[in-house]
Structures are given as structure tokens and as C-alpha cells.
Amino acid sequence: RVTNRHPLMSSTIDYRVISIGALGAHPLWNEKGEVRPAHMTTTLVRSDGATVLVDPSLPAAALEARLDERAGIRPEDVTHVFLTSFLPVNRRGLERFGEATWLISEGEREAIGQLLVEQFRDAETARDDELAETLRREIALLRRCEAAPDRIAEGIDLFPLPGVSPGTCGLLLPTPRATVVVCGDAVPTLEHLEAGRIHAPCHDVERARESFTEVIEIADLIIPGRDNLVMNPLRRPF
């Protein structure tokens, strides 16, 4: 457990990795093809009565077990779910948290919503009923997601990191000891961080590079999209 309390702050921020993610194939391990199931790192952040689960990527039953093992809580205790992007890998277990408020960046919500609606219309025009029904469910899930405010709770701020997807967005946790960034696939693994490599494929390579740079410029501690919490190698030990 990592808990940080500033003497002038009444809130306590608790952040921990619930499940460490993995790439289906790690390009910096010289892997090709799908060699393992891909899933995102899932993080729990708590502050001022808010219990925020980031990227519920595992299937619901597995994620429920991890929550118990890592934090001693049940899905009903989660008040907010935050998606760093709307990619399917980020949200396999999302519907298990039906009592929580689902949040996503406004940019991601708008861009993906427009794309899904266009695809749905094309599927209807082509009379592809199966695809249309799949897209209808996707649209319903996205509509259930609210545009996240700039601050979810005291000490839990949005940190826009577009590029991998149109509105990829992380969380900034400015604690007294260190600045922590939960960054999703803006920085996927430690190897990507050390090599200065962005995730591929991505929506906008140039913006992804800018977002990667923003993370390493501001973060002391980084929670990558597919790895455990790591120290920023460009920072001095603290």
C-alpha cells in the first residue's frame, strides 16, 4: 500500500496496481503474433471517499478476485470506473461495476462516438444485422460513460495523453512525495519507456510521441498501460 498524506491536506491518496497488464506480443522482446492474452494494467485510486478503478481489463470474475486479494474490496465498493481509452481491451470487466459512475475523457467519448455511429449506419446500409447489433451495444456502453471532469476527486486529476487513441487520457496524482501518472498505453511498458518507444498501432503517431514526452517530463512514478509501477529513469532517486 502506498499512502501519501501532506500535513496541509485533509485527504489521503491511496494508489495500487490491482492487476499487471501484458502485451499480446511485446515488440521489444522480439515477439511476433499473439503469444499471450493481452490485457491492461488495472489500478485502484482512492481519495476523499472516491474509489476509482482504472481500466477494468480482466474478465469480471478474475477482476473481482484481484480486488479482494489486492485491496480487500468488492466491485460494489467502487464508486467510479475510469477508462484511459475506449478500446475493448480496457473494459472487459466494465459491466461488473454497474453501480459505479463510468468516466472517460470527453475527447475520447466524442471521437469514438462519432466513429461508432458512422460504422453503425454503414452496417445498416449494408444490411449486416450482426455487425449492426454489435455496434449498437458498443454505442450503448459509450453512452453510459460520462465525460470525466478535470478533477475526479481531491488529488485525482485528468492528464490528457492523446495519440494511441483520439482521446487517450491518464490520471495525475500529485502527491507530496512524488508525482504519479497512471498513463494507459501512452507508455505501455518499462521497455518502451527506456527505449523512448510509443505503442503501436496508434491513432496519431505525432500526438502519441508528444504525450509520451509529457509523461516523462512530469512523472516521478509511472503506472504504464501494460506493466507494473516504475520509477521514471530520468528522475533522480528520491
# chains A, B, ... in the order shown; residues from 1 in each chain; ligands from 1
>>> residues_around(residues="Leu141 (chain A)", least_positions_apart="5", cutoff="12 Å", atoms="only C-alpha atoms", output="list in words")
Leu83, Phe86, Leu87, Pro88, Arg91, Arg92, Leu94, Glu95, Gly98, Trp102, Leu103, Ile104, Arg109, Ile112, Gly113, Leu116, Thr134, Leu135, Arg136 and Glu146 of chain A
>>> write_last_selection(atoms="C-alpha atoms", output="PDB file, in the first residue's frame")
ATOM      1  CA  LEU A  83     -11.170   4.262 -18.892  1.00  0.00           C
ATOM      2  CA  PHE A  86     -12.476   3.018 -25.084  1.00  0.00           C
ATOM      3  CA  LEU A  87     -10.525   0.203 -26.722  1.00  0.00           C
ATOM      4  CA  PRO A  88     -12.139  -3.172 -25.901  1.00  0.00           C
ATOM      5  CA  ARG A  91     -13.030  -2.660 -20.423  1.00  0.00           C
ATOM      6  CA  ARG A  92     -13.664  -6.416 -20.399  1.00  0.00           C
ATOM      7  CA  LEU A  94     -16.650  -2.909 -17.061  1.00  0.00           C
ATOM      8  CA  GLU A  95     -20.224  -4.124 -16.741  1.00  0.00           C
ATOM      9  CA  GLY A  98     -22.882  -1.234 -12.830  1.00  0.00           C
ATOM     10  CA  TRP A 102     -18.282   5.304 -15.614  1.00  0.00           C
ATOM     11  CA  LEU A 103     -15.896   8.008 -16.805  1.00  0.00           C
ATOM     12  CA  ILE A 104     -13.872   8.627 -19.949  1.00  0.00           C
ATOM     13  CA  ARG A 109     -16.098   9.946 -25.948  1.00  0.00           C
ATOM     14  CA  ILE A 112     -15.206   7.252 -30.693  1.00  0.00           C
ATOM     15  CA  GLY A 113     -18.920   8.058 -30.577  1.00  0.00           C
ATOM     16  CA  LEU A 116     -19.259   4.144 -33.963  1.00  0.00           C
ATOM     17  CA  THR A 134     -22.553  -5.362 -32.058  1.00  0.00           C
ATOM     18  CA  LEU A 135     -22.157  -1.661 -32.804  1.00  0.00           C
ATOM     19  CA  ARG A 136     -25.479  -0.906 -31.126  1.00  0.00           C
ATOM     20  CA  GLU A 146     -19.803  10.198 -18.748  1.00  0.00           C
TER      21      GLU A 146
END
>>> residues_around(residues="region 65-73 of chain A", least_positions_apart="6", cutoff="8 Å", atoms="only C-alpha atoms", output="VMD selection string")
chain A and resid 17 to 19
>>> write_last_selection(atoms="C-alpha atoms", output="mmCIF file, in the first residue's frame")
data_model
loop_
_atom_site.group_PDB
_atom_site.id
_atom_site.type_symbol
_atom_site.label_atom_id
_atom_site.label_comp_id
_atom_site.auth_asym_id
_atom_site.auth_seq_id
_atom_site.Cartn_x
_atom_site.Cartn_y
_atom_site.Cartn_z
ATOM 1 C CA VAL A 17 -1.891 -1.823 -9.010
ATOM 2 C CA ILE A 18 -4.691 -4.389 -8.899
ATOM 3 C CA SER A 19 -3.593 -6.391 -11.939
#
>>> closest_residue(among="A:Arg74, A:His26, A:Glu130, A:Thr43", to="Ile223 (chain A)", atoms="only C-alpha atoms")
A:Thr43
>>> select_by_dssp(residues="region 52-225 of chain A", states="helix (DSSP H, G or I)", output="number ranges by chain")
A: 60-71, 75-77, 88-90, 94-97, 106-125, 129-144, 190-195, 205-218
>>> residues_around(residues="Leu190 (chain A)", least_positions_apart="2", cutoff="12 Å", atoms="only C-alpha atoms", output="MDAnalysis selection string")
chainID A and resid 21:23 26 28:29 185:188 192:199 216 221:233
>>> closest_residue(among="A:Asp128, A:Glu31, A:Glu217, A:Asp150", to="Leu171 (chain A)", atoms="only C-alpha atoms")
A:Asp150
>>> closest_residue(among="A:Ala126, A:Ile20, A:Pro27, A:Glu108", to="Pro201 (chain A)", atoms="only C-alpha atoms")
A:Pro27
>>> select_by_dssp(residues="region 40-172 of chain A", states="strand (DSSP E)", output="VMD selection string")
chain A and resid 42 to 47 50 to 54 80 to 83 101 to 104 146 to 147 151 to 153 156 to 160 169 to 172
>>> closest_residue(among="A:Thr125, A:Thr189, A:Asn90, A:Ser85", to="Pro162 (chain A)", atoms="only C-alpha atoms")
A:Ser85
>>> closest_residue(among="A:Ala219, A:Val180, A:Val117, A:Ile156", to="Arg137 (chain A)", atoms="only C-alpha atoms")
A:Val117
>>> decode(residues="region 29-48 of chain A", atoms="N, CA and C atoms", output="PDB file, in the first residue's frame")
ATOM      1  N   TRP A  29      10.664  -7.490 -27.039  1.00  0.00           N
ATOM      2  CA  TRP A  29      11.147  -8.837 -26.697  1.00  0.00           C
ATOM      3  C   TRP A  29      11.273  -9.682 -27.960  1.00  0.00           C
ATOM      4  N   ASN A  30      11.197  -9.021 -29.112  1.00  0.00           N
ATOM      5  CA  ASN A  30      11.292  -9.698 -30.414  1.00  0.00           C
ATOM      6  C   ASN A  30      10.194 -10.736 -30.599  1.00  0.00           C
ATOM      7  N   GLU A  31       9.002 -10.428 -30.089  1.00  0.00           N
ATOM      8  CA  GLU A  31       7.868 -11.335 -30.250  1.00  0.00           C
ATOM      9  C   GLU A  31       7.014 -10.886 -31.430  1.00  0.00           C
ATOM     10  N   LYS A  32       6.468 -11.852 -32.137  1.00  0.00           N
ATOM     11  CA  LYS A  32       5.577 -11.573 -33.253  1.00  0.00           C
ATOM     12  C   LYS A  32       4.348 -12.453 -33.128  1.00  0.00           C
ATOM     13  N   GLY A  33       3.211 -11.922 -33.560  1.00  0.00           N
ATOM     14  CA  GLY A  33       1.972 -12.674 -33.409  1.00  0.00           C
ATOM     15  C   GLY A  33       1.498 -12.630 -31.964  1.00  0.00           C
ATOM     16  N   GLU A  34       0.335 -13.170 -31.738  1.00  0.00           N
ATOM     17  CA  GLU A  34      -0.259 -13.156 -30.394  1.00  0.00           C
ATOM     18  C   GLU A  34       0.280 -14.333 -29.590  1.00  0.00           C
ATOM     19  N   VAL A  35       1.152 -14.067 -28.633  1.00  0.00           N
ATOM     20  CA  VAL A  35       1.766 -15.148 -27.854  1.00  0.00           C
ATOM     21  C   VAL A  35       1.137 -15.299 -26.471  1.00  0.00           C
ATOM     22  N   ARG A  36       0.302 -14.321 -26.077  1.00  0.00           N
ATOM     23  CA  ARG A  36      -0.386 -14.386 -24.773  1.00  0.00           C
ATOM     24  C   ARG A  36      -1.621 -13.489 -24.848  1.00  0.00           C
ATOM     25  N   PRO A  37      -2.583 -13.695 -23.961  1.00  0.00           N
ATOM     26  CA  PRO A  37      -3.738 -12.795 -23.943  1.00  0.00           C
ATOM     27  C   PRO A  37      -3.319 -11.375 -23.539  1.00  0.00           C
ATOM     28  N   ALA A  38      -3.726 -10.409 -24.308  1.00  0.00           N
ATOM     29  CA  ALA A  38      -3.407  -9.012 -23.998  1.00  0.00           C
ATOM     30  C   ALA A  38      -4.395  -8.471 -22.969  1.00  0.00           C
ATOM     31  N   HIS A  39      -3.899  -7.704 -22.018  1.00  0.00           N
ATOM     32  CA  HIS A  39      -4.779  -7.016 -21.078  1.00  0.00           C
ATOM     33  C   HIS A  39      -4.054  -5.815 -20.481  1.00  0.00           C
ATOM     34  N   MET A  40      -4.838  -4.868 -20.014  1.00  0.00           N
ATOM     35  CA  MET A  40      -4.308  -3.624 -19.470  1.00  0.00           C
ATOM     36  C   MET A  40      -3.985  -3.778 -17.987  1.00  0.00           C
ATOM     37  N   THR A  41      -3.063  -2.940 -17.518  1.00  0.00           N
ATOM     38  CA  THR A  41      -2.860  -2.803 -16.083  1.00  0.00           C
ATOM     39  C   THR A  41      -4.087  -2.116 -15.485  1.00  0.00           C
ATOM     40  N   THR A  42      -4.600  -2.697 -14.418  1.00  0.00           N
ATOM     41  CA  THR A  42      -5.754  -2.134 -13.714  1.00  0.00           C
ATOM     42  C   THR A  42      -5.272  -1.536 -12.394  1.00  0.00           C
ATOM     43  N   THR A  43      -5.635  -0.294 -12.150  1.00  0.00           N
ATOM     44  CA  THR A  43      -5.161   0.444 -10.980  1.00  0.00           C
ATOM     45  C   THR A  43      -6.336   0.921 -10.147  1.00  0.00           C
ATOM     46  N   LEU A  44      -6.159   0.923  -8.836  1.00  0.00           N
ATOM     47  CA  LEU A  44      -7.161   1.453  -7.910  1.00  0.00           C
ATOM     48  C   LEU A  44      -6.606   2.715  -7.260  1.00  0.00           C
ATOM     49  N   VAL A  45      -7.397   3.788  -7.283  1.00  0.00           N
ATOM     50  CA  VAL A  45      -7.005   5.049  -6.653  1.00  0.00           C
ATOM     51  C   VAL A  45      -8.134   5.480  -5.726  1.00  0.00           C
ATOM     52  N   ARG A  46      -7.787   5.823  -4.482  1.00  0.00           N
ATOM     53  CA  ARG A  46      -8.806   6.237  -3.516  1.00  0.00           C
ATOM     54  C   ARG A  46      -8.446   7.581  -2.895  1.00  0.00           C
ATOM     55  N   SER A  47      -9.445   8.452  -2.810  1.00  0.00           N
ATOM     56  CA  SER A  47      -9.258   9.779  -2.216  1.00  0.00           C
ATOM     57  C   SER A  47     -10.609  10.383  -1.887  1.00  0.00           C
ATOM     58  N   ASP A  48     -10.741  10.952  -0.695  1.00  0.00           N
ATOM     59  CA  ASP A  48     -11.945  11.700  -0.306  1.00  0.00           C
ATOM     60  C   ASP A  48     -13.243  10.941  -0.571  1.00  0.00           C
TER      61      ASP A  48
END
